[in-house]
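What follows is the content of target-v4.tsv, which has TSV, C-alpha atoms:
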```tsv
chain	number	residue	atom	x	y	z
P	28	MET	CA	-48.32	-230.70	123.91
P	29	THR	CA	-45.19	-230.73	125.91
P	30	ASN	CA	-44.55	-227.12	124.97
P	31	GLN	CA	-48.00	-226.19	126.13
P	32	LEU	CA	-47.48	-227.92	129.42
P	33	THR	CA	-44.19	-226.19	129.83
P	34	THR	CA	-45.74	-222.86	129.09
P	35	GLN	CA	-48.58	-223.42	131.53
P	36	ALA	CA	-46.10	-224.53	134.19
P	37	SER	CA	-44.11	-221.39	133.67
P	38	ARG	CA	-47.22	-219.22	133.98
P	39	LEU	CA	-48.21	-221.04	137.14
P	40	ASN	CA	-44.81	-220.39	138.67
P	41	VAL	CA	-45.02	-216.72	137.85
P	42	THR	CA	-48.48	-216.55	139.38
P	43	VAL	CA	-47.27	-218.24	142.55
P	44	LEU	CA	-44.35	-215.89	142.79
P	45	LEU	CA	-46.64	-212.87	142.45
P	46	LEU	CA	-48.94	-214.21	145.11
P	47	VAL	CA	-46.02	-214.81	147.47
P	48	SER	CA	-44.71	-211.37	146.78
P	49	ILE	CA	-48.12	-209.80	147.40
P	50	ILE	CA	-48.56	-211.77	150.62
P	51	ALA	CA	-45.08	-210.80	151.80
P	52	THR	CA	-45.83	-207.18	151.03
P	53	PHE	CA	-49.07	-207.35	153.01
P	54	ILE	CA	-47.28	-209.06	155.85
P	55	ASN	CA	-44.59	-206.36	155.88
P	56	ILE	CA	-47.23	-203.67	155.78
P	57	ALA	CA	-49.15	-205.35	158.59
P	58	HIS	CA	-45.96	-205.57	160.69
P	59	ALA	CA	-44.72	-202.05	159.83
P	60	ASP	CA	-47.79	-200.08	161.05
P	61	PRO	CA	-47.79	-201.19	164.77
P	62	LEU	CA	-43.99	-200.61	165.07
P	63	SER	CA	-44.28	-197.07	163.71
P	64	GLN	CA	-47.14	-196.40	166.01
P	65	ALA	CA	-45.18	-197.69	168.95
P	66	ARG	CA	-42.22	-195.51	168.04
P	67	GLU	CA	-44.49	-192.50	167.65
P	68	VAL	CA	-46.13	-193.16	171.02
P	69	GLU	CA	-42.68	-193.54	172.60
P	70	SER	CA	-41.52	-190.27	171.04
P	71	GLN	CA	-44.60	-188.42	172.24
P	72	THR	CA	-44.23	-189.95	175.69
P	73	ASN	CA	-40.64	-188.79	175.87
P	74	VAL	CA	-41.62	-185.26	174.84
P	75	GLN	CA	-44.46	-185.21	177.36
P	76	SER	CA	-42.12	-186.53	180.05
P	77	GLN	CA	-39.64	-183.76	179.30
P	78	ARG	CA	-42.37	-181.17	179.49
P	79	SER	CA	-43.64	-182.63	182.77
P	80	GLN	CA	-40.12	-182.65	184.17
P	81	VAL	CA	-39.71	-178.98	183.27
P	82	VAL	CA	-42.97	-178.18	185.08
P	83	ILE	CA	-41.88	-180.28	188.07
P	84	ASP	CA	-38.51	-178.54	188.20
P	85	GLN	CA	-40.17	-175.12	188.03
P	86	ASP	CA	-42.65	-176.06	190.76
P	87	THR	CA	-39.81	-177.40	192.91
P	88	LYS	CA	-37.88	-174.16	192.46
P	89	GLU	CA	-40.91	-172.08	193.40
P	90	ILE	CA	-41.57	-174.29	196.44
P	91	ASN	CA	-37.98	-173.86	197.62
P	92	GLN	CA	-38.23	-170.09	197.12
P	93	LEU	CA	-41.48	-169.98	199.10
P	94	LYS	CA	-39.92	-172.11	201.83
P	95	THR	CA	-36.94	-169.73	202.06
P	96	ALA	CA	-39.27	-166.73	202.14
P	97	ILE	CA	-41.35	-168.35	204.90
P	98	GLU	CA	-38.21	-169.06	206.96
P	99	GLN	CA	-37.06	-165.44	206.51
P	100	LYS	CA	-40.46	-164.13	207.56
P	101	GLN	CA	-40.38	-166.41	210.61
P	102	ILE	CA	-37.00	-164.97	211.60
P	103	GLU	CA	-38.36	-161.42	211.15
P	104	LEU	CA	-41.41	-162.34	213.23
P	105	ASP	CA	-39.20	-163.72	216.02
P	106	ASN	CA	-37.07	-160.56	215.97
P	107	LEU	CA	-40.15	-158.34	216.06
P	108	THR	CA	-41.51	-160.34	218.98
P	109	ILE	CA	-38.26	-159.86	220.91
P	110	TYR	CA	-38.15	-156.14	220.04
P	111	GLN	CA	-41.78	-155.69	221.09
P	112	GLN	CA	-41.01	-157.31	224.43
P	113	HIS	CA	-37.99	-155.02	224.78
P	114	LEU	CA	-40.16	-151.96	224.14
P	115	THR	CA	-42.71	-153.21	226.63
P	116	ASP	CA	-39.99	-153.58	229.28
P	117	LEU	CA	-38.72	-150.08	228.45
P	118	VAL	CA	-42.17	-148.59	228.84
P	119	ILE	CA	-42.57	-150.29	232.22
P	120	SER	CA	-39.11	-149.09	233.28
P	121	GLN	CA	-39.77	-145.55	232.05
P	122	SER	CA	-43.04	-145.48	233.94
P	123	SER	CA	-41.23	-146.45	237.12
P	124	GLU	CA	-38.49	-143.91	236.37
P	125	LEU	CA	-41.09	-141.21	235.78
P	126	ILE	CA	-42.64	-141.91	239.18
P	127	SER	CA	-39.16	-141.77	240.75
P	128	LEU	CA	-38.29	-138.52	238.96
P	129	ASN	CA	-41.52	-136.90	240.05
P	130	GLN	CA	-40.73	-137.91	243.62
P	131	GLN	CA	-37.21	-136.53	243.27
P	132	ILE	CA	-38.57	-133.26	241.90
P	133	ASP	CA	-40.83	-132.97	244.91
P	134	ASP	CA	-37.88	-133.77	247.18
P	135	ILE	CA	-35.73	-131.17	245.39
P	136	LYS	CA	-38.39	-128.53	245.96
P	137	VAL	CA	-38.39	-129.34	249.66
P	138	THR	CA	-34.58	-129.49	249.74
P	139	LYS	CA	-34.31	-126.20	247.87
P	140	GLN	CA	-36.58	-124.55	250.37
P	141	GLY	CA	-34.25	-125.74	253.10
P	142	ILE	CA	-30.89	-125.21	251.36
P	143	VAL	CA	-31.38	-121.54	250.55
P	144	PRO	CA	-31.80	-120.45	254.19
P	145	LEU	CA	-28.89	-122.74	255.10
P	146	MET	CA	-26.64	-120.96	252.60
P	147	TYR	CA	-27.55	-117.55	254.04
P	148	HIS	CA	-26.78	-118.85	257.53
P	149	MET	CA	-23.42	-120.15	256.26
P	150	LEU	CA	-22.62	-116.76	254.72
P	151	PHE	CA	-23.52	-114.99	257.94
P	152	ALA	CA	-21.26	-117.35	259.92
P	153	LEU	CA	-18.48	-116.85	257.39
P	154	GLN	CA	-18.73	-113.08	257.67
P	155	GLU	CA	-18.70	-113.30	261.46
P	156	MET	CA	-15.59	-115.48	261.26
P	157	VAL	CA	-13.77	-112.94	259.10
P	158	GLU	CA	-14.78	-110.01	261.29
P	159	THR	CA	-13.65	-111.66	264.54
P	160	ASP	CA	-10.49	-113.25	263.14
P	161	ILE	CA	-7.01	-111.73	262.87
P	162	PRO	CA	-6.75	-109.82	259.54
P	163	VAL	CA	-5.04	-112.52	257.48
P	164	ARG	CA	-5.53	-111.62	253.78
P	165	ILE	CA	-8.40	-109.49	254.97
P	166	THR	CA	-8.94	-107.70	251.64
P	167	SER	CA	-9.35	-110.89	249.61
P	168	ARG	CA	-11.59	-112.41	252.28
P	169	TYR	CA	-14.01	-109.47	252.24
P	170	SER	CA	-13.95	-109.46	248.44
P	171	ARG	CA	-14.85	-113.15	248.47
P	172	LEU	CA	-17.72	-112.50	250.88
P	173	ASN	CA	-19.11	-109.68	248.74
P	174	ALA	CA	-18.87	-111.86	245.64
P	175	LEU	CA	-20.80	-114.66	247.38
P	176	ASN	CA	-23.52	-112.26	248.55
P	177	GLN	CA	-23.92	-111.01	244.98
P	178	LEU	CA	-23.92	-114.57	243.70
P	179	MET	CA	-26.86	-115.49	245.91
P	180	LYS	CA	-29.01	-112.90	244.12
P	181	ARG	CA	-28.33	-114.21	240.62
P	182	ALA	CA	-31.06	-116.25	238.96
P	183	ASP	CA	-28.76	-117.61	236.24
P	184	VAL	CA	-26.66	-119.56	238.76
P	185	SER	CA	-27.95	-122.85	240.13
P	186	GLU	CA	-28.39	-123.45	243.83
P	187	ALA	CA	-25.86	-126.27	243.57
P	188	GLU	CA	-23.21	-123.92	242.19
P	189	LYS	CA	-23.92	-121.35	244.89
P	190	TYR	CA	-23.58	-124.00	247.55
P	191	ARG	CA	-20.35	-125.27	246.01
P	192	ARG	CA	-18.85	-121.78	246.02
P	193	ILE	CA	-19.75	-121.28	249.69
P	194	LEU	CA	-18.14	-124.59	250.61
P	195	GLU	CA	-15.07	-123.55	248.63
P	196	ALA	CA	-14.86	-120.34	250.69
P	197	TYR	CA	-15.07	-122.38	253.89
P	198	GLN	CA	-12.25	-124.61	252.65
P	199	ILE	CA	-10.07	-121.53	252.03
P	200	GLU	CA	-10.81	-120.30	255.55
P	201	MET	CA	-9.83	-123.69	256.94
P	202	ASP	CA	-6.53	-123.52	255.06
P	203	TYR	CA	-5.78	-120.16	256.68
P	204	GLY	CA	-5.95	-121.86	260.05
P	205	THR	CA	-3.64	-124.77	259.24
P	206	LYS	CA	-0.92	-123.40	256.96
P	207	MET	CA	1.89	-120.88	256.90
P	208	GLY	CA	1.34	-118.14	254.34
P	209	LEU	CA	3.36	-115.25	252.93
P	210	TYR	CA	1.95	-112.33	250.97
P	211	SER	CA	2.26	-108.57	250.44
P	212	GLY	CA	-0.21	-105.99	251.67
P	213	GLN	CA	-0.78	-102.84	253.64
P	214	ILE	CA	-1.08	-102.30	257.38
P	215	THR	CA	-2.20	-99.29	259.40
P	216	LEU	CA	0.01	-98.41	262.38
P	217	LYS	CA	-0.98	-96.73	265.64
P	218	SER	CA	-0.12	-93.39	264.13
P	219	SER	CA	-2.62	-94.09	261.31
P	220	GLU	CA	0.36	-94.41	258.98
P	221	VAL	CA	-0.27	-96.89	256.17
P	222	ARG	CA	2.75	-99.02	255.26
P	223	GLN	CA	3.35	-101.42	252.39
P	224	VAL	CA	4.83	-104.57	253.95
P	225	ASP	CA	5.40	-108.30	253.61
P	226	LEU	CA	3.08	-110.29	255.87
P	227	LEU	CA	3.40	-113.80	257.26
P	228	HIS	CA	0.83	-115.80	259.15
P	229	LEU	CA	1.11	-119.10	260.92
P	230	GLY	CA	-2.38	-120.50	261.02
P	231	ARG	CA	-4.62	-118.09	262.91
P	232	ILE	CA	-2.37	-117.62	265.90
P	233	THR	CA	0.45	-115.50	264.54
P	234	LEU	CA	0.42	-112.60	262.08
P	235	VAL	CA	3.62	-110.57	261.62
P	236	ALA	CA	4.77	-107.93	259.16
P	237	ARG	CA	8.12	-106.76	257.89
P	238	SER	CA	8.96	-103.56	256.05
P	239	MET	CA	9.99	-103.84	252.43
P	240	ASN	CA	13.61	-103.01	253.42
P	241	ASN	CA	13.55	-105.71	256.14
P	242	GLN	CA	14.44	-103.15	258.82
P	243	GLN	CA	11.19	-102.89	260.77
P	244	HIS	CA	8.95	-105.64	262.16
P	245	TRP	CA	5.47	-105.67	263.67
P	246	PHE	CA	2.97	-108.22	264.94
P	247	TYR	CA	-0.79	-107.96	265.09
P	248	SER	CA	-2.35	-108.02	268.56
P	249	LYS	CA	-5.94	-109.21	268.48
P	250	PRO	CA	-6.80	-108.00	272.02
P	251	GLN	CA	-5.55	-104.51	271.14
P	252	GLN	CA	-6.69	-104.81	267.49
P	253	GLN	CA	-3.61	-102.98	266.29
P	254	TRP	CA	-0.11	-103.49	264.94
P	255	THR	CA	2.68	-103.37	267.51
P	256	GLU	CA	6.37	-103.06	266.74
P	257	LEU	CA	8.47	-106.05	267.76
P	258	ASN	CA	11.35	-105.75	270.21
P	259	GLU	CA	14.85	-106.71	269.15
P	260	SER	CA	14.72	-110.14	270.81
P	261	GLN	CA	11.90	-111.29	268.51
P	262	VAL	CA	13.24	-109.95	265.21
P	263	SER	CA	15.63	-112.83	264.53
P	264	ALA	CA	12.91	-115.48	264.91
P	265	VAL	CA	10.56	-113.52	262.66
P	266	ASP	CA	13.26	-113.20	259.98
P	267	GLN	CA	13.81	-116.96	260.18
P	268	ALA	CA	10.07	-117.51	259.75
P	269	PHE	CA	10.10	-115.37	256.61
P	270	ALA	CA	13.09	-117.36	255.32
P	271	ILE	CA	11.24	-120.65	255.94
P	272	ALA	CA	8.10	-119.34	254.18
P	273	GLU	CA	10.25	-118.29	251.21
P	274	LYS	CA	11.83	-121.79	251.24
P	275	LYS	CA	15.26	-120.28	251.85
P	276	GLN	CA	15.69	-122.19	255.09
P	277	ALA	CA	14.67	-125.62	256.33
P	278	PRO	CA	11.75	-125.73	258.79
P	279	THR	CA	12.75	-125.50	262.44
P	280	LEU	CA	11.22	-124.71	265.81
P	281	LEU	CA	10.71	-121.00	266.36
P	282	SER	CA	9.41	-118.80	269.11
P	283	LEU	CA	7.03	-116.29	267.50
P	284	PRO	CA	4.76	-113.68	269.06
P	285	LEU	CA	1.12	-114.71	269.36
P	286	SER	CA	-1.53	-112.52	267.85
P	287	LEU	CA	-4.18	-114.23	269.98
P	288	PRO	CA	-4.18	-114.85	273.72
P	289	ILE	CA	-3.35	-118.46	274.54
P	290	ASN	CA	-6.93	-119.26	275.64
P	291	SER	CA	-8.37	-117.81	272.42
P	292	ALA	CA	-5.82	-119.70	270.32
P	293	TRP	CA	-6.93	-123.01	271.83
P	294	GLU	CA	-10.60	-122.09	271.33
P	295	LYS	CA	-9.88	-121.42	267.64
P	296	ARG	CA	-8.44	-124.89	267.34
```

Output the file's structure as structure tokens, nothing else.
Amino acid sequence: MTNQLTTQASRLNVTVLLLVSIIATFINIAHADPLSQAREVESQTNVQSQRSQVVIDQDTKEINQLKTAIEQKQIELDNLTIYQQHLTDLVISQSSELISLNQQIDDIKVTKQGIVPLMYHMLFALQEMVETDIPVRITSRYSRLNALNQLMKRADVSEAEKYRRILEAYQIEMDYGTKMGLYSGQITLKSSEVRQVDLLHLGRITLVARSMNNQQHWFYSKPQQQWTELNESQVSAVDQAFAIAEKKQAPTLLSLPLSLPINSAWEKR
């Protein structure tokens, strides 16, 4: 009997242990499923968050690029606006300049119509001056006059250049009247003899000549319009004048024969 009770007790203990084990297993299973699910949800959330962050980063990058592009376009728009205003100002200025140029062209036409007759009058006066003056460098002066008359007929030379050349000729004529000059040339004596001589002029009031051997001297008389031989008393002063012109002697006061009468000399001045 005791053995039976012991056996039954042992079986009961084994049964209890199995039940406890089964219950524990079910409890572990019941606790294990929600934890795994939570971990799975957390893992998926993390992956989704990473994906979302990648999208956010990409969108942010694109937004910054668009912002930079917009700023660049705004700068280009501002520059174009300034340039357009500049062009508008240029067009306005060019329109005003065009009106001014047209007016100047009209004025030039009027001026040209007036300057051409003026130049011919100046040439006529220049020729009259040469013809009535003592024959200082007479060959070059007539050559210059002929060249100017030919120049006036040329279509390839501007009116401004013609006018400049005429003024230049007047300046040369003025220099003849204010300076001492020395040059070589030919003179025709009373006997119609042509002599090669050295000539010296002092302004337009004195014109003298000396033979190449320095032995004979003449002065030009405007009233008589001929060369007259100097007397011995005037030769020394004339030689000194030649020495001064050749820079062989310092300037000094000299008494030279006048080619013009005193009244005419003052009128020339």

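For the atom pair formed by atom CA of Ser286 of chain P and atom CA of Phe151 of chain P, the distance is 24.2 Å, given to one decimal.
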
Discussion item. Which residue is closest to Pro162 of chain P? Choose from P:Tyr147, P:Gln85, P:Thr108, P:Leu287 and count all atoms listed in the file.
Written reply: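 Closest to Pro162 of chain P, using all atoms listed in the file: P:Leu287.
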
Worksheet item: So how far away is atom CA of Thr95 of chain P from atom CA of Leu107 of chain P, in Å?
Response: 18.3 Å

Worksheet item: Between P:Pro278, P:Asp105, P:Ser167, P:Glu186, which has the minimum distance to Gln140 of chain P (counting all atoms listed in the file)?
Response: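 Selected residue with least distance to Gln140 of chain P: P:Glu186.
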
Discussion item. Please compute the atom CA of Glu98 of chain P-atom CA of His113 of chain P distance, one decimal, in Å.
Written reply: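 Those two atoms sit 22.7 Å apart.
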
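Those residues positioned at most 10 Å from (-7.5, -109.0, 273.2) are Ser248, Lys249, Pro250, Gln251, Gln252, Gln253, Ser286, Leu287, Pro288 and Ser291 of chain P, judged using only C-alpha atoms.
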
Take the selection from the previous step and output its residues with C-alpha atoms, as a PDB file, in the coordinates of the input.
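This is the output file result05.pdb:
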```
ATOM      1  CA  SER P 248      -2.350-108.020 268.560  1.00  0.00           C
ATOM      2  CA  LYS P 249      -5.940-109.210 268.480  1.00  0.00           C
ATOM      3  CA  PRO P 250      -6.800-108.000 272.020  1.00  0.00           C
ATOM      4  CA  GLN P 251      -5.550-104.510 271.140  1.00  0.00           C
ATOM      5  CA  GLN P 252      -6.690-104.810 267.490  1.00  0.00           C
ATOM      6  CA  GLN P 253      -3.610-102.980 266.290  1.00  0.00           C
ATOM      7  CA  SER P 286      -1.530-112.520 267.850  1.00  0.00           C
ATOM      8  CA  LEU P 287      -4.180-114.230 269.980  1.00  0.00           C
ATOM      9  CA  PRO P 288      -4.180-114.850 273.720  1.00  0.00           C
ATOM     10  CA  SER P 291      -8.370-117.810 272.420  1.00  0.00           C
TER      11      SER P 291
END
```

Worksheet item: Can you list, as a PyMOL selection string, every protein, DNA or RNA residue that comes within 12 Å of Lys180 of chain P when you count all atoms listed in the file, leaving out same-chain residues fewer than 4 positions away?
Response: chain P and resi 143+146-147+173-176+184-186+189

Can you sort out the box for segment 249-267 of chain P, edges along x, y and z, all listed atoms in, 5 Å on every side, with centre and edge lengths in Å to one decimal, as AutoDock Vina command-line options?
```
--center_x 4.4 --center_y -110.0 --center_z 266.0 --size_x 32.4 --size_y 24.0 --size_z 22.0
```

Worksheet entry | Selected residue of minimal separation from Ala236 of chain P among P:Ile97, P:Leu280, P:Ile102, P:Val163, counting all atoms listed in the file | P:Val163

Item to complete: Do a neighbour search on Ser282 of chain P at 12 Å with only C-alpha atoms, toss out local chain neighbours closer than 5 positions, and write the hits as a PyMOL selection string.
Response: chain P and resi 229+233+260-268

Item to complete: Fewer than 3 positions away in the same chain doesn't count, so skip those; otherwise give me all residues within 10 Å of Gly208 of chain P, counting all atoms listed in the file, as a list in words.
Response: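 Using all atoms listed in the file, the neighbours found are Val163, Arg164, Asp202, Tyr203, Gly204, Thr205, Leu226, Leu227, His228, Leu229, Gly230, Leu234, Phe269, Ala272 and Glu273 of chain P.
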
Starting from the sparse input, extend segment 218-235 of chain P to N, CA, C and O atoms and give the output as a tab-separated table (two decimals), in the frame of the given file.
```tsv
chain	number	residue	atom	x	y	z
P	218	SER	N	-0.12	-94.80	264.54
P	218	SER	CA	-0.12	-93.39	264.13
P	218	SER	C	-0.98	-93.14	262.90
P	218	SER	O	-0.93	-92.05	262.33
P	219	SER	N	-1.77	-94.15	262.51
P	219	SER	CA	-2.62	-94.09	261.31
P	219	SER	C	-1.80	-94.08	260.03
P	219	SER	O	-2.33	-93.84	258.94
P	220	GLU	N	-0.51	-94.33	260.17
P	220	GLU	CA	0.36	-94.41	258.98
P	220	GLU	C	0.12	-95.76	258.28
P	220	GLU	O	0.06	-96.81	258.91
P	221	VAL	N	-0.05	-95.69	256.96
P	221	VAL	CA	-0.27	-96.89	256.17
P	221	VAL	C	1.06	-97.30	255.55
P	221	VAL	O	1.73	-96.49	254.89
P	222	ARG	N	1.47	-98.55	255.76
P	222	ARG	CA	2.75	-99.02	255.26
P	222	ARG	C	2.53	-100.23	254.34
P	222	ARG	O	1.69	-101.11	254.60
P	223	GLN	N	3.32	-100.25	253.27
P	223	GLN	CA	3.35	-101.42	252.39
P	223	GLN	C	4.37	-102.40	252.96
P	223	GLN	O	5.55	-102.04	253.13
P	224	VAL	N	3.95	-103.63	253.25
P	224	VAL	CA	4.83	-104.57	253.95
P	224	VAL	C	4.66	-105.98	253.39
P	224	VAL	O	3.75	-106.26	252.59
P	225	ASP	N	5.55	-106.86	253.82
P	225	ASP	CA	5.40	-108.30	253.61
P	225	ASP	C	4.78	-108.88	254.87
P	225	ASP	O	5.22	-108.56	255.99
P	226	LEU	N	3.77	-109.71	254.71
P	226	LEU	CA	3.08	-110.29	255.87
P	226	LEU	C	3.24	-111.80	255.88
P	226	LEU	O	3.30	-112.44	254.81
P	227	LEU	N	3.28	-112.36	257.08
P	227	LEU	CA	3.40	-113.80	257.26
P	227	LEU	C	2.45	-114.22	258.36
P	227	LEU	O	2.39	-113.58	259.41
P	228	HIS	N	1.72	-115.28	258.10
P	228	HIS	CA	0.83	-115.80	259.15
P	228	HIS	C	1.10	-117.28	259.36
P	228	HIS	O	1.43	-118.01	258.41
P	229	LEU	N	0.99	-117.70	260.57
P	229	LEU	CA	1.11	-119.10	260.92
P	229	LEU	C	-0.24	-119.53	261.49
P	229	LEU	O	-0.58	-119.25	262.65
P	230	GLY	N	-1.01	-120.17	260.64
P	230	GLY	CA	-2.38	-120.50	261.02
P	230	GLY	C	-3.14	-119.23	261.33
P	230	GLY	O	-3.03	-118.22	260.63
P	231	ARG	N	-3.88	-119.28	262.44
P	231	ARG	CA	-4.62	-118.09	262.91
P	231	ARG	C	-4.08	-117.58	264.24
P	231	ARG	O	-4.74	-116.79	264.90
P	232	ILE	N	-2.87	-118.02	264.59
P	232	ILE	CA	-2.37	-117.62	265.90
P	232	ILE	C	-1.27	-116.57	265.83
P	232	ILE	O	-1.02	-115.88	266.82
P	233	THR	N	-0.64	-116.47	264.68
P	233	THR	CA	0.45	-115.50	264.54
P	233	THR	C	0.33	-114.77	263.21
P	233	THR	O	0.20	-115.42	262.16
P	234	LEU	N	0.40	-113.43	263.29
P	234	LEU	CA	0.42	-112.60	262.08
P	234	LEU	C	1.47	-111.52	262.30
P	234	LEU	O	1.34	-110.68	263.20
P	235	VAL	N	2.52	-111.55	261.50
P	235	VAL	CA	3.62	-110.57	261.62
P	235	VAL	C	3.83	-109.88	260.28
P	235	VAL	O	3.42	-110.38	259.23
```
